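Q: mmCIF, C-alpha atoms and all ligand atoms, saved as model00.cif, coming up:
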```cif
data_query
loop_
_atom_site.group_PDB
_atom_site.id
_atom_site.type_symbol
_atom_site.label_atom_id
_atom_site.label_comp_id
_atom_site.auth_asym_id
_atom_site.auth_seq_id
_atom_site.Cartn_x
_atom_site.Cartn_y
_atom_site.Cartn_z
ATOM 1 C CA MET A 1 0.000 0.000 0.000
ATOM 2 C CA LYS A 2 1.518 3.287 -1.135
ATOM 3 C CA LYS A 3 -1.392 5.465 -2.239
ATOM 4 C CA ILE A 4 -4.627 4.751 -0.427
ATOM 5 C CA LEU A 5 -8.209 5.922 -0.989
ATOM 6 C CA ILE A 6 -10.729 5.541 1.837
ATOM 7 C CA VAL A 7 -14.291 5.801 0.603
ATOM 8 C CA GLY A 8 -16.866 6.483 3.325
ATOM 9 C CA ALA A 9 -14.095 8.176 5.301
ATOM 10 C CA GLY A 10 -16.456 10.097 7.580
ATOM 11 C CA GLY A 11 -18.061 7.036 9.163
ATOM 12 C CA GLN A 12 -17.349 5.252 12.447
ATOM 13 C CA ILE A 13 -14.381 3.269 11.094
ATOM 14 C CA GLY A 14 -13.272 5.603 8.282
ATOM 15 C CA SER A 15 -12.863 8.616 10.562
ATOM 16 C CA GLU A 16 -10.253 6.697 12.594
ATOM 17 C CA LEU A 17 -8.785 4.686 9.729
ATOM 18 C CA VAL A 18 -7.764 7.873 7.881
ATOM 19 C CA PRO A 19 -5.475 9.264 10.631
ATOM 20 C CA TYR A 20 -4.216 5.776 11.469
ATOM 21 C CA LEU A 21 -3.139 5.080 7.879
ATOM 22 C CA ARG A 22 -1.775 8.614 7.462
ATOM 23 C CA GLY A 23 0.413 7.950 10.507
ATOM 24 C CA ILE A 24 1.855 4.832 8.853
ATOM 25 C CA TYR A 25 1.943 5.667 5.132
ATOM 26 C CA GLY A 26 2.288 9.473 5.204
ATOM 27 C CA VAL A 27 -0.339 12.209 5.365
ATOM 28 C CA ASN A 28 -0.268 12.920 1.633
ATOM 29 C CA ASN A 29 -0.607 9.256 0.671
ATOM 30 C CA VAL A 30 -4.067 8.691 2.169
ATOM 31 C CA VAL A 31 -7.016 10.346 0.396
ATOM 32 C CA ALA A 32 -10.247 10.639 2.416
ATOM 33 C CA ALA A 33 -13.438 10.568 0.328
ATOM 34 C CA ASP A 34 -16.970 11.100 1.585
ATOM 35 C CA LEU A 35 -20.257 12.656 0.522
ATOM 36 C CA ASP A 36 -20.386 14.811 3.653
ATOM 37 C CA GLU A 37 -18.209 17.929 3.380
ATOM 38 C CA ALA A 38 -18.353 18.686 7.121
ATOM 39 C CA LYS A 39 -16.913 15.238 7.836
ATOM 40 C CA LEU A 40 -14.179 15.785 5.241
ATOM 41 C CA GLN A 41 -13.276 19.071 6.906
ATOM 42 C CA ALA A 42 -12.252 17.122 10.025
ATOM 43 C CA LEU A 43 -9.878 15.030 7.878
ATOM 44 C CA SER A 44 -8.413 17.893 5.862
ATOM 45 C CA ASP A 45 -4.881 17.731 7.265
ATOM 46 C CA GLY A 46 -4.328 15.528 4.184
ATOM 47 C CA PRO A 47 -5.970 15.119 0.768
ATOM 48 C CA VAL A 48 -9.776 14.913 0.728
ATOM 49 C CA ALA A 49 -12.292 14.446 -2.067
ATOM 50 C CA LYS A 50 -16.050 14.839 -2.113
ATOM 51 C CA LEU A 51 -17.520 11.603 -3.488
ATOM 52 C CA ASN A 52 -20.834 9.812 -3.751
ATOM 53 C CA ALA A 53 -19.521 6.235 -4.015
ATOM 54 C CA LEU A 54 -22.343 5.424 -6.451
ATOM 55 C CA ASP A 55 -20.899 7.942 -8.926
ATOM 56 C CA GLY A 56 -18.490 5.650 -10.780
ATOM 57 C CA GLU A 57 -17.074 8.381 -13.038
ATOM 58 C CA ARG A 58 -16.064 10.656 -10.166
ATOM 59 C CA PHE A 59 -14.785 7.641 -8.181
ATOM 60 C CA ALA A 60 -12.556 6.573 -11.098
ATOM 61 C CA GLU A 61 -11.339 10.152 -11.639
ATOM 62 C CA ILE A 62 -10.164 10.362 -7.983
ATOM 63 C CA VAL A 63 -8.362 7.011 -8.294
ATOM 64 C CA LYS A 64 -6.571 8.125 -11.468
ATOM 65 C CA THR A 65 -5.730 11.648 -10.257
ATOM 66 C CA HIS A 66 -4.137 10.413 -7.036
ATOM 67 C CA LYS A 67 -2.605 7.267 -8.637
ATOM 68 C CA ILE A 68 -4.340 5.140 -5.997
ATOM 69 C CA ASP A 69 -3.153 1.535 -5.509
ATOM 70 C CA THR A 70 -5.435 0.485 -2.609
ATOM 71 C CA ILE A 71 -9.132 1.224 -2.039
ATOM 72 C CA PHE A 72 -10.770 0.865 1.378
ATOM 73 C CA ASN A 73 -14.493 0.730 0.704
ATOM 74 C CA MET A 74 -16.034 1.652 4.062
ATOM 75 C CA VAL A 75 -19.460 2.652 2.710
ATOM 76 C CA ALA A 76 -22.353 0.835 4.415
ATOM 77 C CA LEU A 77 -25.925 1.197 5.566
ATOM 78 C CA LEU A 78 -25.901 -0.932 8.746
ATOM 79 C CA SER A 79 -28.189 -3.758 9.830
ATOM 80 C CA ALA A 80 -31.030 -1.979 11.674
ATOM 81 C CA THR A 81 -31.175 0.974 9.242
ATOM 82 C CA GLY A 82 -31.126 -1.473 6.340
ATOM 83 C CA GLU A 83 -34.391 -3.050 7.510
ATOM 84 C CA LYS A 84 -36.142 0.342 7.224
ATOM 85 C CA ASP A 85 -35.452 0.558 3.480
ATOM 86 C CA PRO A 86 -34.003 -2.727 2.202
ATOM 87 C CA MET A 87 -33.707 -1.698 -1.446
ATOM 88 C CA LEU A 88 -31.849 1.494 -0.525
ATOM 89 C CA ALA A 89 -29.464 -0.623 1.574
ATOM 90 C CA TRP A 90 -28.899 -2.979 -1.377
ATOM 91 C CA LYS A 91 -28.359 -0.055 -3.763
ATOM 92 C CA ILE A 92 -25.823 1.717 -1.532
ATOM 93 C CA ASN A 93 -23.976 -1.311 -0.135
ATOM 94 C CA MET A 94 -23.708 -3.188 -3.425
ATOM 95 C CA GLY A 95 -23.327 -0.063 -5.593
ATOM 96 C CA ALA A 96 -20.293 1.152 -3.635
ATOM 97 C CA LEU A 97 -18.751 -2.321 -3.793
ATOM 98 C CA GLU A 98 -19.461 -2.753 -7.507
ATOM 99 C CA ASN A 99 -17.761 0.565 -8.276
ATOM 100 C CA SER A 100 -14.813 -0.253 -5.976
ATOM 101 C CA LEU A 101 -14.252 -3.607 -7.687
ATOM 102 C CA ASN A 102 -14.604 -2.370 -11.249
ATOM 103 C CA ILE A 103 -12.406 0.678 -10.688
ATOM 104 C CA ALA A 104 -9.849 -1.543 -8.931
ATOM 105 C CA LYS A 105 -9.883 -3.949 -11.899
ATOM 106 C CA ASP A 106 -9.342 -1.117 -14.394
ATOM 107 C CA ASN A 107 -6.609 0.624 -12.369
ATOM 108 C CA GLY A 108 -4.691 -2.245 -10.773
ATOM 109 C CA CYS A 109 -5.808 -1.502 -7.188
ATOM 110 C CA ALA A 110 -6.228 -3.784 -4.186
ATOM 111 C CA VAL A 111 -9.588 -3.573 -2.374
ATOM 112 C CA PHE A 112 -10.523 -3.946 1.288
ATOM 113 C CA THR A 113 -14.270 -4.124 2.022
ATOM 114 C CA PRO A 114 -15.420 -5.084 5.500
ATOM 115 C CA SER A 115 -17.870 -7.928 5.912
ATOM 116 C CA SER A 116 -19.581 -8.546 9.253
ATOM 117 C CA ILE A 117 -20.947 -11.017 11.793
ATOM 118 C CA GLY A 118 -24.162 -9.970 10.035
ATOM 119 C CA ALA A 119 -23.197 -12.222 7.115
ATOM 120 C CA PHE A 120 -24.351 -15.158 9.260
ATOM 121 C CA GLY A 121 -27.929 -16.182 10.010
ATOM 122 C CA PRO A 122 -30.126 -18.320 12.240
ATOM 123 C CA ASN A 123 -28.975 -21.617 10.666
ATOM 124 C CA THR A 124 -25.301 -20.822 11.353
ATOM 125 C CA PRO A 125 -23.709 -22.630 14.331
ATOM 126 C CA HIS A 126 -23.895 -19.848 16.933
ATOM 127 C CA ASP A 127 -21.000 -20.836 19.205
ATOM 128 C CA ASN A 128 -17.436 -20.871 17.944
ATOM 129 C CA THR A 129 -18.850 -20.163 14.463
ATOM 130 C CA PRO A 130 -16.476 -21.751 11.924
ATOM 131 C CA GLN A 131 -14.727 -19.763 9.191
ATOM 132 C CA ASP A 132 -16.453 -21.767 6.464
ATOM 133 C CA THR A 133 -20.017 -22.664 7.380
ATOM 134 C CA ILE A 134 -23.666 -22.179 6.508
ATOM 135 C CA MET A 135 -24.492 -18.438 6.246
ATOM 136 C CA GLN A 136 -28.072 -17.699 5.059
ATOM 137 C CA PRO A 137 -28.521 -14.254 6.713
ATOM 138 C CA THR A 138 -32.058 -12.936 7.252
ATOM 139 C CA THR A 139 -31.294 -9.175 7.020
ATOM 140 C CA ILE A 140 -30.711 -7.178 3.830
ATOM 141 C CA TYR A 141 -27.414 -6.062 5.383
ATOM 142 C CA GLY A 142 -26.359 -9.695 5.713
ATOM 143 C CA VAL A 143 -27.537 -10.501 2.198
ATOM 144 C CA CYS A 144 -25.334 -7.645 0.922
ATOM 145 C CA LYS A 145 -22.393 -8.907 2.988
ATOM 146 C CA VAL A 146 -22.624 -12.489 1.676
ATOM 147 C CA ALA A 147 -23.109 -11.271 -1.902
ATOM 148 C CA GLY A 148 -20.200 -8.867 -1.387
ATOM 149 C CA GLU A 149 -17.910 -11.600 -0.089
ATOM 150 C CA MET A 150 -18.732 -13.791 -3.076
ATOM 151 C CA LEU A 151 -18.424 -10.965 -5.615
ATOM 152 C CA SER A 152 -15.050 -9.953 -4.141
ATOM 153 C CA ASP A 153 -13.759 -13.542 -4.349
ATOM 154 C CA TYR A 154 -15.075 -13.703 -7.913
ATOM 155 C CA TYR A 155 -13.152 -10.556 -8.887
ATOM 156 C CA HIS A 156 -10.041 -12.109 -7.401
ATOM 157 C CA THR A 157 -10.279 -15.449 -9.203
ATOM 158 C CA ARG A 158 -11.756 -14.111 -12.468
ATOM 159 C CA PHE A 159 -9.872 -10.819 -12.884
ATOM 160 C CA GLY A 160 -6.943 -11.104 -10.461
ATOM 161 C CA VAL A 161 -8.066 -8.160 -8.284
ATOM 162 C CA ASP A 162 -6.344 -8.316 -4.875
ATOM 163 C CA THR A 163 -9.522 -8.331 -2.741
ATOM 164 C CA ARG A 164 -9.323 -8.973 1.030
ATOM 165 C CA SER A 165 -11.807 -8.640 3.871
ATOM 166 C CA VAL A 166 -12.621 -9.365 7.521
ATOM 167 C CA ARG A 167 -15.974 -10.114 9.138
ATOM 168 C CA PHE A 168 -16.090 -7.337 11.726
ATOM 169 C CA PRO A 169 -17.848 -7.953 15.026
ATOM 170 C CA GLY A 170 -19.586 -4.969 16.674
ATOM 171 C CA ILE A 171 -16.943 -2.234 16.809
ATOM 172 C CA ILE A 172 -16.631 -0.159 19.970
ATOM 173 C CA SER A 173 -15.045 3.269 19.558
ATOM 174 C CA ASN A 174 -14.970 6.798 20.929
ATOM 175 C CA VAL A 175 -14.370 9.169 18.011
ATOM 176 C CA THR A 176 -17.410 8.869 15.716
ATOM 177 C CA LEU A 177 -20.620 7.223 16.917
ATOM 178 C CA PRO A 178 -21.911 4.282 14.893
ATOM 179 C CA GLY A 179 -25.381 4.717 13.426
ATOM 180 C CA GLY A 180 -28.109 2.206 12.692
ATOM 181 C CA GLY A 181 -26.307 -0.952 13.791
ATOM 182 C CA THR A 182 -27.528 -3.745 16.060
ATOM 183 C CA THR A 183 -24.348 -3.685 18.137
ATOM 184 C CA ASP A 184 -24.460 0.117 18.744
ATOM 185 C CA TYR A 185 -25.608 -0.412 22.349
ATOM 186 C CA ALA A 186 -22.091 -1.469 23.321
ATOM 187 C CA VAL A 187 -20.834 2.026 22.388
ATOM 188 C CA GLU A 188 -23.811 3.991 23.752
ATOM 189 C CA ILE A 189 -23.537 2.317 27.160
ATOM 190 C CA TYR A 190 -20.154 3.991 27.816
ATOM 191 C CA TYR A 191 -21.392 7.448 26.757
ATOM 192 C CA ASP A 192 -24.512 7.156 28.935
ATOM 193 C CA ALA A 193 -22.583 5.698 31.874
ATOM 194 C CA ILE A 194 -20.421 8.851 31.957
ATOM 195 C CA LYS A 195 -23.201 11.340 31.239
ATOM 196 C CA TYR A 196 -26.224 9.880 33.095
ATOM 197 C CA ASN A 197 -24.777 7.140 35.302
ATOM 198 C CA LYS A 198 -27.429 4.835 33.815
ATOM 199 C CA TYR A 199 -28.294 3.192 30.519
ATOM 200 C CA THR A 200 -31.429 1.710 28.933
ATOM 201 C CA CYS A 201 -30.369 -1.220 26.773
ATOM 202 C CA ASN A 202 -32.203 -2.089 23.560
ATOM 203 C CA LEU A 203 -30.988 -5.729 23.480
ATOM 204 C CA GLY A 204 -32.050 -8.182 26.172
ATOM 205 C CA ALA A 205 -29.962 -9.895 28.857
ATOM 206 C CA GLY A 206 -28.327 -13.049 27.531
ATOM 207 C CA THR A 207 -27.777 -11.627 24.011
ATOM 208 C CA PHE A 208 -24.167 -12.608 23.363
ATOM 209 C CA LEU A 209 -22.351 -11.015 20.406
ATOM 210 C CA ASP A 210 -18.716 -10.704 19.332
ATOM 211 C CA MET A 211 -17.222 -7.246 19.863
ATOM 212 C CA LEU A 212 -13.928 -5.583 18.932
ATOM 213 C CA TYR A 213 -12.208 -2.391 20.100
ATOM 214 C CA MET A 214 -11.347 0.127 17.376
ATOM 215 C CA PRO A 215 -7.523 -0.024 17.760
ATOM 216 C CA ASP A 216 -7.669 -3.759 16.990
ATOM 217 C CA ALA A 217 -10.049 -3.142 14.080
ATOM 218 C CA LEU A 218 -7.583 -0.646 12.574
ATOM 219 C CA ASP A 219 -4.679 -3.056 13.073
ATOM 220 C CA SER A 220 -6.619 -5.814 11.319
ATOM 221 C CA CYS A 221 -7.019 -3.669 8.181
ATOM 222 C CA VAL A 222 -3.285 -3.057 7.869
ATOM 223 C CA GLN A 223 -2.207 -6.557 8.907
ATOM 224 C CA LEU A 224 -4.479 -8.206 6.370
ATOM 225 C CA MET A 225 -3.682 -5.820 3.504
ATOM 226 C CA GLU A 226 0.062 -6.200 4.163
ATOM 227 C CA ALA A 227 -0.118 -10.005 4.550
ATOM 228 C CA ASP A 228 1.866 -12.237 2.216
ATOM 229 C CA PRO A 229 -0.701 -13.275 -0.446
ATOM 230 C CA THR A 230 0.847 -16.731 -0.769
ATOM 231 C CA LYS A 231 -0.183 -17.437 2.851
ATOM 232 C CA LEU A 232 -3.856 -16.534 2.294
ATOM 233 C CA LYS A 233 -6.064 -19.581 1.820
ATOM 234 C CA HIS A 234 -9.115 -17.352 2.351
ATOM 235 C CA ARG A 235 -9.719 -13.795 1.192
ATOM 236 C CA ASN A 236 -13.339 -12.729 1.486
ATOM 237 C CA SER A 237 -13.806 -12.844 4.320
ATOM 238 C CA PHE A 238 -11.984 -13.766 7.570
ATOM 239 C CA ASN A 239 -13.726 -14.242 10.937
ATOM 240 C CA ILE A 240 -11.989 -12.020 13.493
ATOM 241 C CA ALA A 241 -12.906 -11.895 17.170
ATOM 242 C CA ALA A 242 -11.613 -10.454 20.435
ATOM 243 C CA MET A 243 -14.368 -10.694 23.049
ATOM 244 C CA SER A 244 -17.947 -11.913 23.370
ATOM 245 C CA PHE A 245 -20.352 -10.596 26.007
ATOM 246 C CA ASP A 246 -24.004 -9.849 26.720
ATOM 247 C CA PRO A 247 -25.414 -6.574 28.168
ATOM 248 C CA GLU A 248 -25.192 -7.884 31.752
ATOM 249 C CA ILE A 249 -21.468 -8.586 31.410
ATOM 250 C CA ILE A 250 -20.536 -5.189 29.938
ATOM 251 C CA ALA A 251 -22.699 -3.403 32.551
ATOM 252 C CA ALA A 252 -20.936 -5.350 35.337
ATOM 253 C CA GLU A 253 -17.561 -4.349 33.870
ATOM 254 C CA ILE A 254 -18.554 -0.659 33.865
ATOM 255 C CA LYS A 255 -19.813 -0.975 37.470
ATOM 256 C CA LYS A 256 -16.302 -1.974 38.537
ATOM 257 C CA HIS A 257 -15.262 1.610 37.664
ATOM 258 C CA ILE A 258 -18.549 3.445 38.349
ATOM 259 C CA PRO A 259 -20.153 1.506 41.238
ATOM 260 C CA THR A 260 -23.402 3.531 41.159
ATOM 261 C CA PHE A 261 -24.016 2.826 37.441
ATOM 262 C CA THR A 262 -27.357 1.111 36.696
ATOM 263 C CA MET A 263 -28.891 -0.430 33.576
ATOM 264 C CA ASP A 264 -32.471 -1.312 32.646
ATOM 265 C CA TYR A 265 -33.995 -2.688 29.444
ATOM 266 C CA ASN A 266 -36.334 -1.483 26.707
ATOM 267 C CA VAL A 267 -35.830 -4.127 24.050
ATOM 268 C CA ASP A 268 -36.079 -3.101 20.378
ATOM 269 C CA ALA A 269 -37.838 -6.028 18.676
ATOM 270 C CA VAL A 270 -36.139 -5.496 15.288
ATOM 271 C CA LYS A 271 -32.631 -5.286 16.754
ATOM 272 C CA GLN A 272 -33.281 -8.224 19.080
ATOM 273 C CA ALA A 273 -34.410 -10.442 16.182
ATOM 274 C CA ILE A 274 -31.301 -9.461 14.222
ATOM 275 C CA ALA A 275 -28.984 -10.116 17.193
ATOM 276 C CA ASN A 276 -30.626 -13.504 17.815
ATOM 277 C CA SER A 277 -29.828 -14.533 14.247
ATOM 278 C CA TRP A 278 -26.098 -13.691 14.587
ATOM 279 C CA PRO A 279 -23.285 -15.761 16.132
ATOM 280 C CA ASN A 280 -22.581 -15.601 19.875
ATOM 281 C CA SER A 281 -18.860 -16.017 19.222
ATOM 282 C CA MET A 282 -16.788 -16.721 16.115
ATOM 283 C CA ASP A 283 -13.787 -18.989 15.594
ATOM 284 C CA ASP A 284 -11.029 -16.738 14.230
ATOM 285 C CA SER A 285 -8.300 -19.392 13.960
ATOM 286 C CA CYS A 286 -7.916 -18.991 10.159
ATOM 287 C CA ALA A 287 -7.140 -15.262 10.554
ATOM 288 C CA ARG A 288 -4.637 -16.083 13.297
ATOM 289 C CA ALA A 289 -2.958 -18.781 11.195
ATOM 290 C CA GLU A 290 -2.991 -17.098 7.770
ATOM 291 C CA TRP A 291 -1.993 -13.509 8.650
ATOM 292 C CA GLY A 292 -1.220 -13.344 12.360
ATOM 293 C CA TRP A 293 -4.437 -11.820 13.754
ATOM 294 C CA ASN A 294 -3.900 -11.299 17.480
ATOM 295 C CA PRO A 295 -6.099 -8.637 19.147
ATOM 296 C CA LYS A 296 -4.730 -6.659 22.085
ATOM 297 C CA TYR A 297 -7.913 -5.540 23.842
ATOM 298 C CA ASP A 298 -10.244 -7.628 26.000
ATOM 299 C CA LEU A 299 -13.344 -6.281 27.780
ATOM 300 C CA ASN A 300 -11.390 -5.186 30.850
ATOM 301 C CA LYS A 301 -8.688 -3.267 28.971
ATOM 302 C CA MET A 302 -11.184 -1.745 26.533
ATOM 303 C CA THR A 303 -13.497 -0.551 29.319
ATOM 304 C CA ILE A 304 -10.682 1.292 31.098
ATOM 305 C CA ASP A 305 -9.704 3.050 27.857
ATOM 306 C CA MET A 306 -13.292 3.792 26.747
ATOM 307 C CA LEU A 307 -14.260 5.328 30.094
ATOM 308 C CA ASP A 308 -11.108 7.496 30.097
ATOM 309 C CA LYS A 309 -11.625 8.743 26.540
ATOM 310 C CA VAL A 310 -15.374 9.292 26.816
ATOM 311 C CA ARG A 311 -14.925 11.134 30.128
ATOM 312 C CA VAL A 312 -12.510 13.547 28.414
ATOM 313 C CA LYS A 313 -15.107 14.183 25.673
ATOM 314 C CA PHE A 314 -17.804 14.785 28.282
ATOM 315 C CA ASP A 315 -15.584 17.155 30.295
ATOM 316 C CA LYS A 316 -14.869 19.142 27.121
ATOM 317 C CA GLY A 317 -18.621 19.388 26.395
ATOM 318 C CA MET A 318 -18.244 17.351 23.196
ATOM 319 C CA TYR A 319 -21.500 15.418 23.748
HETATM 320 C C1 LIG B 1 -24.263 -3.679 12.859
HETATM 321 O O1 LIG B 1 -24.621 -3.888 14.033
HETATM 322 O O2 LIG B 1 -25.033 -3.602 11.906
HETATM 323 C C2 LIG B 1 -22.779 -3.577 12.593
HETATM 324 C C3 LIG B 1 -22.183 -4.903 12.290
HETATM 325 C C4 LIG B 1 -22.000 -5.904 13.344
HETATM 326 O O3 LIG B 1 -21.840 -5.154 11.172
HETATM 327 N N1 LIG B 1 -22.119 -2.987 13.729
#
```
Take the structure in the file and give it back as structure tokens.
Ligand code: AKB

A:
Amino acid sequence: MKKILIVGAGGQIGSELVPYLRGIYGVNNVVAADLDEAKLQALSDGPVAKLNALDGERFAEIVKTHKIDTIFNMVALLSATGEKDPMLAWKINMGALENSLNIAKDNGCAVFTPSSIGAFGPNTPHDNTPQDTIMQPTTIYGVCKVAGEMLSDYYHTRFGVDTRSVRFPGIISNVTLPGGGTTDYAVEIYYDAIKYNKYTCNLGAGTFLDMLYMPDALDSCVQLMEADPTKLKHRNSFNIAAMSFDPEIIAAEIKKHIPTFTMDYNVDAVKQAIANSWPNSMDDSCARAEWGWNPKYDLNKMTIDMLDKVRVKFDKGMY
């Protein structure tokens, strides 16, 4: 990776991936592209470009102008939002991927597109979910993710495009809030713990899901894209995991630091049905074996860091 384009740079992952990659590859070698100019403003210490990822001509022009060799396609309408307008989710999620793949094919670029635990469904083995197993998701988001994994593998075998991907668990972070995901509660709980000392959870007790702290998510992008291709038996997409918990467990972890913190429940039926269809915990042994995946944060370490960082934001009046 020498010249990188991040599409969807203003989102939860993109907004942290841009500075992270700029720190490694050089500020001028990472172009941040997004539809939202205000979000681009926050990333304007390096090159930025306004882009609707569905506009293939403009997308290709940016790739050519900046002589891009690697595209990170971070555009996505998440699982819960997707259920509100499934065809819009299909259009955006698949349209951005289709353009990324075709432009990569025409310009000799590698492509990273995240998949998700949402690629799995109710018929998937829920515990220690294998790398290669039955998928059959029941959300439009999951349908896009499975189709995207297959299309990306197809572009690799048919056209030689260097496509690689991970199945992200719920990502917990403290720079940009996620929006419209099923796992968002695991971010919101930290913000509300600091601000209100209490949280109302929209998933029920006993809902186990894989989660990952942002610094490990960022590492995974670089580790996988820099991995020796001859070692990759899989490409699209690798299970990666770091911790699995339910709302009771994360609340108990927060209580260790804020003893008066309380949590109650107001379950969102749509999100609960989605969460019930997803794995409780994935087997990430292929990622560990093929490219050295080895996350650094568990629930304890992440909670200490999240509470510190979110408290600073609260003290500065940033939320
Ligand atoms: C969502 O909840 O939709 C996302 C995901 C797990 O892909 N955070």

Q: Just the number, please: distance in Å from atom CA of A:Leu17 to atom CA of A:Leu35, one decimal.

A: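 According to the coordinates, atom CA of A:Leu17 and atom CA of A:Leu35 are separated by 16.7 Å.
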
Q: Excluding same-chain residues fewer than 5 positions from stretch 151-167 of chain A, what lies within 7 Å of it counting only C-alpha atoms, as a ChimeraX atom specification?

A: /A:104-105,110-117,225,235-240

Q: Of the residues A:Ser15, A:Asn99, A:Thr182, A:Thr138, which is the one nearest to ligand LIG 1 (chain B), using all atoms listed in the file?

A: A:Thr182

Q: Can you tell me, as a PyMOL selection string, what residues are no more than 12 Å from A:Trp278 when counting only C-alpha atoms, ignoring any on the same chain fewer than 2 positions away?

A: chain A and resi 79+116-129+134-139+142+169-170+182-183+207-210+271-276+280-282

Q: Generate the output file for the selected residues, C-alpha atoms, as a PDB file, in the coordinates of the input.

A:
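Result file selection08.pdb:
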```pdb
ATOM      1  CA  SER A  79     -28.189  -3.758   9.830  1.00  0.00           C
ATOM      2  CA  SER A 116     -19.581  -8.546   9.253  1.00  0.00           C
ATOM      3  CA  ILE A 117     -20.947 -11.017  11.793  1.00  0.00           C
ATOM      4  CA  GLY A 118     -24.162  -9.970  10.035  1.00  0.00           C
ATOM      5  CA  ALA A 119     -23.197 -12.222   7.115  1.00  0.00           C
ATOM      6  CA  PHE A 120     -24.351 -15.158   9.260  1.00  0.00           C
ATOM      7  CA  GLY A 121     -27.929 -16.182  10.010  1.00  0.00           C
ATOM      8  CA  PRO A 122     -30.126 -18.320  12.240  1.00  0.00           C
ATOM      9  CA  ASN A 123     -28.975 -21.617  10.666  1.00  0.00           C
ATOM     10  CA  THR A 124     -25.301 -20.822  11.353  1.00  0.00           C
ATOM     11  CA  PRO A 125     -23.709 -22.630  14.331  1.00  0.00           C
ATOM     12  CA  HIS A 126     -23.895 -19.848  16.933  1.00  0.00           C
ATOM     13  CA  ASP A 127     -21.000 -20.836  19.205  1.00  0.00           C
ATOM     14  CA  ASN A 128     -17.436 -20.871  17.944  1.00  0.00           C
ATOM     15  CA  THR A 129     -18.850 -20.163  14.463  1.00  0.00           C
ATOM     16  CA  ILE A 134     -23.666 -22.179   6.508  1.00  0.00           C
ATOM     17  CA  MET A 135     -24.492 -18.438   6.246  1.00  0.00           C
ATOM     18  CA  GLN A 136     -28.072 -17.699   5.059  1.00  0.00           C
ATOM     19  CA  PRO A 137     -28.521 -14.254   6.713  1.00  0.00           C
ATOM     20  CA  THR A 138     -32.058 -12.936   7.252  1.00  0.00           C
ATOM     21  CA  THR A 139     -31.294  -9.175   7.020  1.00  0.00           C
ATOM     22  CA  GLY A 142     -26.359  -9.695   5.713  1.00  0.00           C
ATOM     23  CA  PRO A 169     -17.848  -7.953  15.026  1.00  0.00           C
ATOM     24  CA  GLY A 170     -19.586  -4.969  16.674  1.00  0.00           C
ATOM     25  CA  THR A 182     -27.528  -3.745  16.060  1.00  0.00           C
ATOM     26  CA  THR A 183     -24.348  -3.685  18.137  1.00  0.00           C
ATOM     27  CA  THR A 207     -27.777 -11.627  24.011  1.00  0.00           C
ATOM     28  CA  PHE A 208     -24.167 -12.608  23.363  1.00  0.00           C
ATOM     29  CA  LEU A 209     -22.351 -11.015  20.406  1.00  0.00           C
ATOM     30  CA  ASP A 210     -18.716 -10.704  19.332  1.00  0.00           C
ATOM     31  CA  LYS A 271     -32.631  -5.286  16.754  1.00  0.00           C
ATOM     32  CA  GLN A 272     -33.281  -8.224  19.080  1.00  0.00           C
ATOM     33  CA  ALA A 273     -34.410 -10.442  16.182  1.00  0.00           C
ATOM     34  CA  ILE A 274     -31.301  -9.461  14.222  1.00  0.00           C
ATOM     35  CA  ALA A 275     -28.984 -10.116  17.193  1.00  0.00           C
ATOM     36  CA  ASN A 276     -30.626 -13.504  17.815  1.00  0.00           C
ATOM     37  CA  ASN A 280     -22.581 -15.601  19.875  1.00  0.00           C
ATOM     38  CA  SER A 281     -18.860 -16.017  19.222  1.00  0.00           C
ATOM     39  CA  MET A 282     -16.788 -16.721  16.115  1.00  0.00           C
TER      40      MET A 282
END
```

Q: Provide the atom CA of A:Ile172 to atom CA of A:Met243 distance in Å, to one decimal place.

A: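 Atom CA of A:Met243 lies at a distance of 11.2 Å from atom CA of A:Ile172.
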
Q: Care to translate the PyMOL selection byres (((chain A and resi 223) around 12) and not hetatm) into actual residues of this file, as a list in words?

A: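 With the shown file as input, the PyMOL selection byres (((chain A and resi 223) around 12) and not hetatm) matches Met1, Leu21, Phe112, Arg164, Ser165, Val166, Asp216, Ala217, Leu218, Asp219, Ser220, Cys221, Val222, Leu224, Met225, Glu226, Ala227, Asp228, Pro229, Ala287, Arg288, Glu290, Trp291, Gly292, Trp293, Asn294 and Pro295 of chain A.
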
Q: In Å, rounded to a single decimal, give me how far atom CA of A:Lys67 is from atom CA of A:Lys3.

A: 6.8 Å

Q: Taking the file as shown, find all residues satisfying the PyMOL selection byres (((chain A and resi 95) around 12) and not hetatm) and write them as a list in words.

A: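 What the PyMOL selection byres (((chain A and resi 95) around 12) and not hetatm) grabs from the file is Asn52, Ala53, Leu54, Asp55, Gly56, Phe59, Asn73, Val75, Ala76, Leu77, Met87, Leu88, Ala89, Trp90, Lys91, Ile92, Asn93, Met94, Ala96, Leu97, Glu98, Asn99, Ser100, Leu101, Asn102, Cys144, Ala147, Gly148 and Leu151 of chain A.
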
Q: Given 6 Å on each side, where is the centre and what are the edge lengths in Å to one decimal of the axis-aligned box enclosing the listed atoms of ligand LIG 1 (chain B), as JSON?

A:
```
{"center_x": -23.4, "center_y": -4.4, "center_z": 12.6, "size_x": 15.2, "size_y": 14.9, "size_z": 14.9}
```

Q: Have a look at A:Phe314, A:Phe72, A:Phe261, A:Tyr213 and name the one nearest to ligand LIG 1 (chain B); count all atoms listed in the file.

A: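 Comparing A:Phe314, A:Phe72, A:Phe261, A:Tyr213 against ligand LIG 1 (chain B), the winner is A:Tyr213.
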
Q: Could you check the closest approach to ligand LIG 1 (chain B) for each of A:Asp45, A:Glu83, A:Asp264, A:Glu37 and tell me which residue wins, using only C-alpha atoms and all ligand atoms?

A: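 The closest residue to ligand LIG 1 (chain B) is A:Glu83.
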